[in-house]
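**Q** Please find model.cif (mmCIF, C-alpha atoms) on the next line:
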```cif
data_protein
#
loop_
_atom_site.group_PDB
_atom_site.id
_atom_site.type_symbol
_atom_site.label_atom_id
_atom_site.label_comp_id
_atom_site.auth_asym_id
_atom_site.auth_seq_id
_atom_site.Cartn_x
_atom_site.Cartn_y
_atom_site.Cartn_z
ATOM 1 C CA MET A 19 27.630 -0.673 -4.416
ATOM 2 C CA SER A 20 29.005 -0.267 -0.891
ATOM 3 C CA ALA A 21 26.993 2.023 1.386
ATOM 4 C CA THR A 22 30.130 4.140 1.869
ATOM 5 C CA GLN A 23 30.879 4.638 -1.842
ATOM 6 C CA LEU A 24 29.599 7.571 -3.849
ATOM 7 C CA PRO A 25 26.991 6.542 -6.426
ATOM 8 C CA PRO A 26 27.344 7.415 -10.118
ATOM 9 C CA SER A 27 25.727 10.634 -11.268
ATOM 10 C CA PRO A 28 21.961 10.365 -11.812
ATOM 11 C CA LYS A 29 20.885 9.413 -15.318
ATOM 12 C CA SER A 30 19.602 12.158 -17.555
ATOM 13 C CA GLY A 31 15.927 12.754 -16.894
ATOM 14 C CA CYS A 32 16.078 11.552 -13.275
ATOM 15 C CA LEU A 33 15.601 13.314 -9.957
ATOM 16 C CA ARG A 34 17.632 11.995 -7.014
ATOM 17 C CA LEU A 35 15.868 11.938 -3.620
ATOM 18 C CA VAL A 36 17.188 10.845 -0.244
ATOM 19 C CA LEU A 37 15.381 9.776 2.928
ATOM 20 C CA VAL A 38 17.508 10.236 6.044
ATOM 21 C CA GLY A 39 16.717 7.643 8.710
ATOM 22 C CA ASP A 40 15.490 8.363 12.247
ATOM 23 C CA VAL A 41 17.438 11.332 13.635
ATOM 24 C CA VAL A 42 18.251 10.645 17.300
ATOM 25 C CA GLY A 43 18.945 13.458 19.773
ATOM 26 C CA LYS A 44 21.518 16.239 19.507
ATOM 27 C CA PRO A 45 24.194 14.055 17.838
ATOM 28 C CA GLY A 46 21.738 13.060 15.134
ATOM 29 C CA MET A 47 20.532 16.622 14.653
ATOM 30 C CA ARG A 48 24.078 17.891 14.318
ATOM 31 C CA ILE A 49 25.140 15.435 11.616
ATOM 32 C CA ALA A 50 21.806 15.648 9.777
ATOM 33 C CA CYS A 51 22.095 19.424 9.419
ATOM 34 C CA GLU A 52 25.814 19.364 8.635
ATOM 35 C CA ALA A 53 25.353 16.607 6.032
ATOM 36 C CA VAL A 54 22.986 18.497 3.734
ATOM 37 C CA PRO A 55 25.777 20.218 1.714
ATOM 38 C CA TRP A 56 27.575 16.860 1.350
ATOM 39 C CA LEU A 57 24.374 15.154 0.262
ATOM 40 C CA ARG A 58 23.612 17.822 -2.327
ATOM 41 C CA ARG A 59 27.123 18.245 -3.756
ATOM 42 C CA ALA A 60 28.974 14.958 -3.227
ATOM 43 C CA MET A 61 25.903 12.735 -3.662
ATOM 44 C CA SER A 62 24.120 14.902 -6.273
ATOM 45 C CA ILE A 63 20.918 14.869 -4.203
ATOM 46 C CA ASP A 64 18.073 17.085 -5.421
ATOM 47 C CA VAL A 65 15.563 16.445 -2.608
ATOM 48 C CA VAL A 66 16.341 15.809 1.077
ATOM 49 C CA ILE A 67 13.665 14.250 3.301
ATOM 50 C CA VAL A 68 14.393 13.611 6.993
ATOM 51 C CA ASN A 69 12.546 11.503 9.549
ATOM 52 C CA ALA A 70 12.970 13.491 12.777
ATOM 53 C CA GLU A 71 10.546 11.913 15.237
ATOM 54 C CA ASN A 72 13.381 11.124 17.692
ATOM 55 C CA ALA A 73 15.286 14.405 17.376
ATOM 56 C CA ALA A 74 14.308 15.827 20.790
ATOM 57 C CA ASP A 75 16.364 13.874 23.347
ATOM 58 C CA GLY A 76 15.427 10.664 21.551
ATOM 59 C CA SER A 77 11.642 11.121 21.456
ATOM 60 C CA GLY A 78 9.627 13.772 19.633
ATOM 61 C CA LEU A 79 10.585 16.943 17.781
ATOM 62 C CA ARG A 80 10.922 20.518 19.027
ATOM 63 C CA CYS A 81 10.096 23.555 16.921
ATOM 64 C CA VAL A 82 13.667 24.812 17.145
ATOM 65 C CA ASP A 83 15.012 21.550 15.712
ATOM 66 C CA TYR A 84 12.380 21.520 12.976
ATOM 67 C CA ARG A 85 13.471 25.026 11.975
ATOM 68 C CA ARG A 86 17.162 24.013 12.051
ATOM 69 C CA LEU A 87 16.490 21.167 9.645
ATOM 70 C CA ILE A 88 14.558 23.371 7.218
ATOM 71 C CA GLU A 89 17.143 26.168 7.418
ATOM 72 C CA SER A 90 19.920 23.648 6.678
ATOM 73 C CA GLY A 91 18.239 22.794 3.372
ATOM 74 C CA VAL A 92 15.920 19.889 4.204
ATOM 75 C CA ASN A 93 12.848 19.876 1.952
ATOM 76 C CA VAL A 94 10.419 17.819 4.061
ATOM 77 C CA VAL A 95 10.399 16.514 7.641
ATOM 78 C CA THR A 96 8.500 13.276 8.341
ATOM 79 C CA LEU A 97 7.520 11.827 11.715
ATOM 80 C CA GLY A 98 6.324 8.618 13.376
ATOM 81 C CA ASP A 99 4.750 7.159 16.506
ATOM 82 C CA HIS A 100 6.481 9.651 18.868
ATOM 83 C CA LEU A 101 5.390 12.735 16.922
ATOM 84 C CA TYR A 102 3.354 14.395 19.710
ATOM 85 C CA ARG A 103 5.838 13.851 22.566
ATOM 86 C CA LYS A 104 6.658 17.566 22.269
ATOM 87 C CA ARG A 105 3.281 19.249 21.955
ATOM 88 C CA GLU A 106 4.817 22.455 20.614
ATOM 89 C CA ILE A 107 5.330 20.736 17.235
ATOM 90 C CA MET A 108 1.556 20.835 16.670
ATOM 91 C CA GLU A 109 1.816 24.464 15.560
ATOM 92 C CA PRO A 110 4.086 23.866 12.521
ATOM 93 C CA LEU A 111 2.322 20.583 11.829
ATOM 94 C CA THR A 112 -0.929 22.509 11.489
ATOM 95 C CA ASN A 113 0.403 25.531 9.609
ATOM 96 C CA GLU A 114 3.403 24.463 7.527
ATOM 97 C CA GLN A 115 3.587 22.428 4.316
ATOM 98 C CA ASN A 116 7.103 21.021 4.796
ATOM 99 C CA ILE A 117 6.408 18.805 7.823
ATOM 100 C CA ILE A 118 3.997 15.855 7.769
ATOM 101 C CA ARG A 119 2.738 13.239 10.207
ATOM 102 C CA PRO A 120 1.466 9.686 9.583
ATOM 103 C CA ALA A 121 -1.676 9.873 7.452
ATOM 104 C CA ASN A 122 -3.386 6.940 9.190
ATOM 105 C CA LEU A 123 -3.783 8.700 12.527
ATOM 106 C CA PRO A 124 -7.334 9.764 13.482
ATOM 107 C CA GLU A 125 -8.826 12.393 11.179
ATOM 108 C CA ARG A 126 -8.735 15.038 13.930
ATOM 109 C CA ALA A 127 -5.012 14.566 14.644
ATOM 110 C CA PRO A 128 -3.129 17.843 14.062
ATOM 111 C CA GLY A 129 -1.140 17.972 10.855
ATOM 112 C CA ARG A 130 -1.284 16.612 7.323
ATOM 113 C CA GLY A 131 -0.321 13.156 6.076
ATOM 114 C CA SER A 132 1.064 14.196 2.682
ATOM 115 C CA THR A 133 2.601 17.199 0.991
ATOM 116 C CA VAL A 134 3.574 18.257 -2.503
ATOM 117 C CA PHE A 135 6.380 20.711 -3.246
ATOM 118 C CA ILE A 136 8.357 21.869 -6.266
ATOM 119 C CA ALA A 137 11.927 20.627 -6.644
ATOM 120 C CA ARG A 138 14.458 21.721 -9.274
ATOM 121 C CA ASP A 139 13.289 22.545 -12.812
ATOM 122 C CA GLY A 140 9.694 22.848 -11.610
ATOM 123 C CA VAL A 141 9.310 19.120 -10.901
ATOM 124 C CA ALA A 142 6.534 18.351 -8.394
ATOM 125 C CA VAL A 143 7.336 15.849 -5.635
ATOM 126 C CA GLY A 144 4.773 14.249 -3.325
ATOM 127 C CA VAL A 145 5.733 12.817 0.058
ATOM 128 C CA THR A 146 3.473 10.659 2.238
ATOM 129 C CA ASN A 147 3.991 9.421 5.798
ATOM 130 C CA MET A 148 2.369 6.284 7.242
ATOM 131 C CA LEU A 149 2.481 4.155 10.425
ATOM 132 C CA GLY A 150 2.537 0.360 10.480
ATOM 133 C CA ARG A 151 0.208 -1.689 12.680
ATOM 134 C CA VAL A 152 2.172 -4.863 13.506
ATOM 135 C CA PHE A 153 3.770 -4.526 16.996
ATOM 136 C CA MET A 154 2.713 -0.844 17.044
ATOM 137 C CA LYS A 155 0.019 1.152 18.813
ATOM 138 C CA PRO A 156 -3.431 0.883 17.206
ATOM 139 C CA VAL A 157 -3.888 3.141 14.181
ATOM 140 C CA ASP A 158 -6.104 3.182 11.096
ATOM 141 C CA CYS A 159 -5.331 0.858 8.193
ATOM 142 C CA PRO A 160 -2.208 2.183 6.420
ATOM 143 C CA PHE A 161 -3.195 0.518 3.142
ATOM 144 C CA HIS A 162 -6.577 2.222 2.992
ATOM 145 C CA ALA A 163 -4.977 5.487 4.101
ATOM 146 C CA ALA A 164 -2.376 5.147 1.331
ATOM 147 C CA ASP A 165 -5.157 4.743 -1.234
ATOM 148 C CA ARG A 166 -6.876 7.844 0.117
ATOM 149 C CA GLU A 167 -3.749 10.025 0.152
ATOM 150 C CA LEU A 168 -2.678 8.984 -3.342
ATOM 151 C CA ALA A 169 -6.169 9.532 -4.757
ATOM 152 C CA ALA A 170 -6.206 13.058 -3.313
ATOM 153 C CA MET A 171 -2.857 13.922 -4.912
ATOM 154 C CA ASP A 172 -2.834 15.681 -8.273
ATOM 155 C CA PRO A 173 -2.311 13.023 -10.997
ATOM 156 C CA ALA A 174 0.287 15.349 -12.546
ATOM 157 C CA VAL A 175 2.551 14.632 -9.552
ATOM 158 C CA LYS A 176 4.481 11.656 -10.925
ATOM 159 C CA ILE A 177 7.182 11.470 -8.237
ATOM 160 C CA ARG A 178 5.715 10.108 -5.000
ATOM 161 C CA LEU A 179 7.679 8.804 -2.021
ATOM 162 C CA MET A 180 6.318 7.144 1.110
ATOM 163 C CA ASP A 181 8.066 7.033 4.500
ATOM 164 C CA PHE A 182 6.518 3.923 6.067
ATOM 165 C CA HIS A 183 7.275 4.097 9.786
ATOM 166 C CA ALA A 184 6.743 0.513 10.873
ATOM 167 C CA GLU A 185 8.205 -2.252 13.052
ATOM 168 C CA ALA A 186 7.708 -5.492 11.140
ATOM 169 C CA THR A 187 9.564 -6.207 7.917
ATOM 170 C CA SER A 188 6.535 -8.157 6.695
ATOM 171 C CA ASP A 189 4.355 -5.062 7.170
ATOM 172 C CA LYS A 190 6.816 -2.994 5.149
ATOM 173 C CA GLN A 191 7.195 -5.583 2.399
ATOM 174 C CA LEU A 192 3.420 -5.754 2.051
ATOM 175 C CA MET A 193 3.210 -1.992 1.621
ATOM 176 C CA GLY A 194 5.964 -2.051 -0.983
ATOM 177 C CA ARG A 195 4.170 -4.733 -2.991
ATOM 178 C CA TYR A 196 0.778 -3.075 -2.499
ATOM 179 C CA LEU A 197 2.026 0.214 -3.930
ATOM 180 C CA ASP A 198 4.382 -1.230 -6.547
ATOM 181 C CA SER A 199 3.975 0.759 -9.787
ATOM 182 C CA ARG A 200 1.793 3.340 -8.002
ATOM 183 C CA VAL A 201 4.540 5.259 -6.174
ATOM 184 C CA SER A 202 8.183 5.999 -6.869
ATOM 185 C CA ALA A 203 9.483 4.515 -3.619
ATOM 186 C CA VAL A 204 8.405 3.002 -0.303
ATOM 187 C CA LEU A 205 11.191 3.425 2.245
ATOM 188 C CA GLY A 206 10.894 2.214 5.823
ATOM 189 C CA THR A 207 11.893 3.911 9.071
ATOM 190 C CA HIS A 208 11.459 3.238 12.823
ATOM 191 C CA THR A 209 13.714 0.247 13.639
ATOM 192 C CA HIS A 210 16.967 2.289 13.589
ATOM 193 C CA VAL A 211 18.752 -0.593 11.811
ATOM 194 C CA ALA A 212 19.424 -0.339 8.078
ATOM 195 C CA THR A 213 18.343 -3.390 6.097
ATOM 196 C CA ALA A 214 20.251 -4.803 3.122
ATOM 197 C CA ASP A 215 17.175 -5.343 0.931
ATOM 198 C CA GLU A 216 17.191 -2.186 -1.175
ATOM 199 C CA GLN A 217 15.719 -3.026 -4.578
ATOM 200 C CA VAL A 218 13.528 -1.911 -7.441
ATOM 201 C CA LEU A 219 10.328 -3.957 -7.352
ATOM 202 C CA PRO A 220 8.915 -5.468 -10.582
ATOM 203 C CA GLY A 221 6.492 -2.587 -11.137
ATOM 204 C CA GLY A 222 9.210 0.057 -10.820
ATOM 205 C CA THR A 223 8.884 1.104 -7.161
ATOM 206 C CA GLY A 224 12.066 1.519 -5.115
ATOM 207 C CA PHE A 225 11.878 -0.314 -1.795
ATOM 208 C CA GLN A 226 13.817 -0.891 1.427
ATOM 209 C CA CYS A 227 12.516 -2.184 4.762
ATOM 210 C CA ASP A 228 14.470 0.361 6.810
ATOM 211 C CA VAL A 229 16.901 3.130 5.927
ATOM 212 C CA GLY A 230 18.523 3.066 9.387
ATOM 213 C CA MET A 231 19.402 5.612 12.068
ATOM 214 C CA THR A 232 21.152 8.981 12.094
ATOM 215 C CA GLY A 233 22.860 9.429 15.438
ATOM 216 C CA PRO A 234 25.261 7.674 17.843
ATOM 217 C CA PHE A 235 26.003 4.063 16.857
ATOM 218 C CA ASP A 236 27.994 3.288 20.029
ATOM 219 C CA SER A 237 24.641 2.640 21.658
ATOM 220 C CA ILE A 238 21.478 0.580 21.742
ATOM 221 C CA LEU A 239 19.388 2.183 18.997
ATOM 222 C CA GLY A 240 20.823 5.578 19.940
ATOM 223 C CA ARG A 241 20.573 5.258 23.751
ATOM 224 C CA LYS A 242 23.433 4.710 26.204
ATOM 225 C CA THR A 243 24.201 1.004 26.328
ATOM 226 C CA MET A 244 24.689 0.606 30.078
ATOM 227 C CA ALA A 245 21.361 2.219 30.942
ATOM 228 C CA VAL A 246 19.475 -0.084 28.585
ATOM 229 C CA LEU A 247 21.439 -3.077 29.857
ATOM 230 C CA GLU A 248 20.722 -2.199 33.494
ATOM 231 C CA ALA A 249 16.993 -1.893 32.859
ATOM 232 C CA THR A 250 17.005 -5.181 30.967
ATOM 233 C CA LEU A 251 18.962 -7.166 33.582
ATOM 234 C CA HIS A 252 17.400 -5.703 36.733
ATOM 235 C CA GLY A 253 13.896 -4.786 35.605
ATOM 236 C CA VAL A 254 14.243 -1.371 37.268
ATOM 237 C CA PRO A 255 13.238 1.586 35.055
ATOM 238 C CA VAL A 256 16.099 4.011 34.400
ATOM 239 C CA PRO A 257 16.319 7.019 32.072
ATOM 240 C CA PHE A 258 17.486 6.067 28.583
ATOM 241 C CA GLN A 259 19.775 8.970 27.714
ATOM 242 C CA VAL A 260 20.960 9.582 24.172
ATOM 243 C CA ALA A 261 24.473 8.256 23.548
ATOM 244 C CA VAL A 262 27.253 10.317 21.951
ATOM 245 C CA GLY A 263 29.821 8.001 20.325
ATOM 246 C CA ASP A 264 30.373 6.943 16.705
ATOM 247 C CA VAL A 265 27.931 9.355 15.133
ATOM 248 C CA ARG A 266 26.801 8.393 11.621
ATOM 249 C CA LEU A 267 24.175 9.275 9.076
ATOM 250 C CA ASN A 268 22.111 6.464 7.562
ATOM 251 C CA ALA A 269 19.988 7.229 4.532
ATOM 252 C CA THR A 270 18.805 5.801 1.231
ATOM 253 C CA TRP A 271 18.860 7.537 -2.150
ATOM 254 C CA VAL A 272 16.590 6.805 -5.089
ATOM 255 C CA ASP A 273 16.835 7.963 -8.701
ATOM 256 C CA ILE A 274 13.361 8.626 -10.090
ATOM 257 C CA ASN A 275 12.531 9.030 -13.757
ATOM 258 C CA ILE A 276 10.836 12.423 -14.027
ATOM 259 C CA ALA A 277 8.616 11.389 -16.941
ATOM 260 C CA THR A 278 7.342 8.079 -15.537
ATOM 261 C CA GLY A 279 7.767 8.558 -11.769
ATOM 262 C CA MET A 280 9.368 5.120 -11.520
ATOM 263 C CA CYS A 281 12.587 4.241 -9.699
ATOM 264 C CA GLU A 282 15.662 3.511 -11.815
ATOM 265 C CA ALA A 283 18.267 3.049 -9.066
ATOM 266 C CA ILE A 284 18.507 2.834 -5.275
ATOM 267 C CA GLY A 285 21.352 2.712 -2.768
ATOM 268 C CA ARG A 286 22.234 2.987 0.920
ATOM 269 C CA ILE A 287 24.309 5.678 2.640
ATOM 270 C CA ASN A 288 26.337 5.099 5.809
ATOM 271 C CA VAL A 289 28.604 8.088 6.441
ATOM 272 C CA SER A 290 30.504 9.168 9.564
ATOM 273 C CA GLN A 291 30.569 12.526 11.297
ATOM 274 C CA THR A 292 34.308 12.687 10.556
ATOM 275 C CA ARG A 293 33.749 12.389 6.814
ATOM 276 C CA ILE A 294 31.040 15.047 6.829
ATOM 277 C CA GLN A 295 33.223 17.426 8.841
ATOM 278 C CA ALA A 296 36.166 16.848 6.491
ATOM 279 C CA PHE A 297 33.976 17.701 3.498
ATOM 280 C CA ASN A 298 32.626 20.849 5.148
ATOM 281 C CA ASP A 299 36.145 21.924 6.160
ATOM 282 C CA SER A 300 37.393 21.499 2.590
ATOM 283 C CA GLU A 301 34.415 23.471 1.261
ATOM 284 C CA SER A 302 35.109 26.252 3.771
ATOM 285 C CA ALA A 303 38.788 26.352 2.821
ATOM 286 C CA ALA A 304 37.898 26.533 -0.877
ATOM 287 C CA ARG A 305 35.587 29.483 -0.274
ATOM 288 C CA LYS A 306 38.337 31.337 1.590
ATOM 289 C CA VAL A 307 40.693 30.852 -1.352
ATOM 290 C CA LEU A 308 38.079 32.296 -3.692
#
```
Starting from the file, lay out its structure as structure tokens.

**A**
Amino acid sequence: MSATQLPPSPKSGCLRLVLVGDVVGKPGMRIACEAVPWLRRAMSIDVVIVNAENAADGSGLRCVDYRRLIESGVNVVTLGDHLYRKREIMEPLTNEQNIIRPANLPERAPGRGSTVFIARDGVAVGVTNMLGRVFMKPVDCPFHAADRELAAMDPAVKIRLMDFHAEATSDKQLMGRYLDSRVSAVLGTHTHVATADEQVLPGGTGFQCDVGMTGPFDSILGRKTMAVLEATLHGVPVPFQVAVGDVRLNATWVDINIATGMCEAIGRINVSQTRIQAFNDSESAARKVL
């Protein structure tokens, strides 16, 4: 199925979850919040999870943006290696259940590495966040941390999704294989480039190396092209401002069997700001008619 096509309706007995890829700056925040009604109605999404570690000017997350995401209908916010760039986010990380940080940070790091919440029809959903180690800053072993987080989760929670925020595709593939049959899905974030390897692994775990970026695609990974080019060619540090053009939402949906917790289908989403706005405009017009 093309990433721009709408998927078929979820099979009976399945819950459809989506992980929205790295939200970058104000353009990414705008489309991520505006896309939630489209995701829920046009895509039949039951659970919306958003990686927002780059929401604040391209690095970190502010409390106001965290609240905007939750108020728009996002169920859980996940983070990554830039999570503490805005220190104010430590307060919700410490006190709220709907925002999590990588579980393989030091034990004293503010926040929790997993959460469980109730989706539609009383179905419990567990979400875990992890950092990779290859080409990343030193952190604890994500594989051991995954074992710990899963062991601490109530066995009655069948649906379990991991956001693996990592650089190397090999690192992500290893995690997918390591957790195959033990979690519903392992979906990667961090590289800002969607990979075409979405699949259901032999044990029933949905997997993709990276779900992509939500933000301006007329850019270098969300930053203005000329600034990045200047720094690369001249070796002189310059500010990498967030770009503004060709704003899109990248995400990946998974259909999870409620009884078994295993993935039955997976697909990519690549949708433009224009399409989201058109949907919202049509919804607004329909409400006025009613």

**Q** Which of these residues is nearest to Val41 (chain A), using all atoms listed in the file: A:Gln295, A:Thr96, A:Ser27, A:Asn113?

**A**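 Checking each candidate against Val41 (chain A), we get A:Thr96 as the closest.
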
**Q** Could you give me, as a PyMOL selection string, the residues within 9 Å of region 78-85 of chain A, counting only C-alpha atoms and dropping anything in the same chain fewer than 4 positions from it?

**A** chain A and resi 47+70-74+89-90+95+97-110+117

**Q** Could you check which of A:Gly39, A:Gly253, A:Pro156, A:Gly224 is closest to Asn275 (chain A), using all atoms listed in the file?

**A** A:Gly224

**Q** Just so the selection is clear, what residues does the PyMOL selection byres ((chain A and resi 176-193) around 8) cover here, as a ChimeraX atom specification?

**A** /A:37,96-99,142-154,161,173-175,194-197,201-209,227,274,276-280

**Q** To verify the selection step, state as a list in words which residues the PyMOL selection byres ((chain A and resi 35) around 8) yields on this input.

**A**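 When the PyMOL selection byres ((chain A and resi 35) around 8) is applied, the selected residues are Leu33, Arg34, Val36, Leu37, Ile63, Asp64, Val65, Val66, Ile67, Trp271, Val272, Asp273 and Ile274 of chain A.
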
**Q** Report as an MDAnalysis selection string all protein, DNA and RNA residues lying within 10 Å of Ser290 (chain A), evaluated on all atoms listed in the file, omitting residues in the same chain fewer than 6 positions from it.

**A** chainID A and resid 22 49 53 232:235 264:268

**Q** So, counting only C-alpha atoms, which residue among A:Thr112, A:Ile118, A:Ala261, A:Arg48 is closest to Thr243 (chain A)?

**A**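 Smallest separation from Thr243 (chain A) among the options: A:Ala261.
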
**Q** Would you mind reading off the distance between CA of Pro257 (chain A) and CA of Ala212 (chain A), one decimal, in Å?

**A**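 Taking CA of Pro257 (chain A) as the start and CA of Ala212 (chain A) as the end point, the length is 25.3 Å.
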
**Q** What's the separation between CA of Arg286 (chain A) and CA of Val211 (chain A), in Å to one decimal place?

**A** 12.0 Å

**Q** Please determine, counting all atoms listed in the file, which residue among A:Asn93, A:Glu248, A:Ile287, A:Leu87 has the shortest atom-to-atom distance to Arg138 (chain A).

**A**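 Among the listed residues, A:Asn93 lies closest to Arg138 (chain A).
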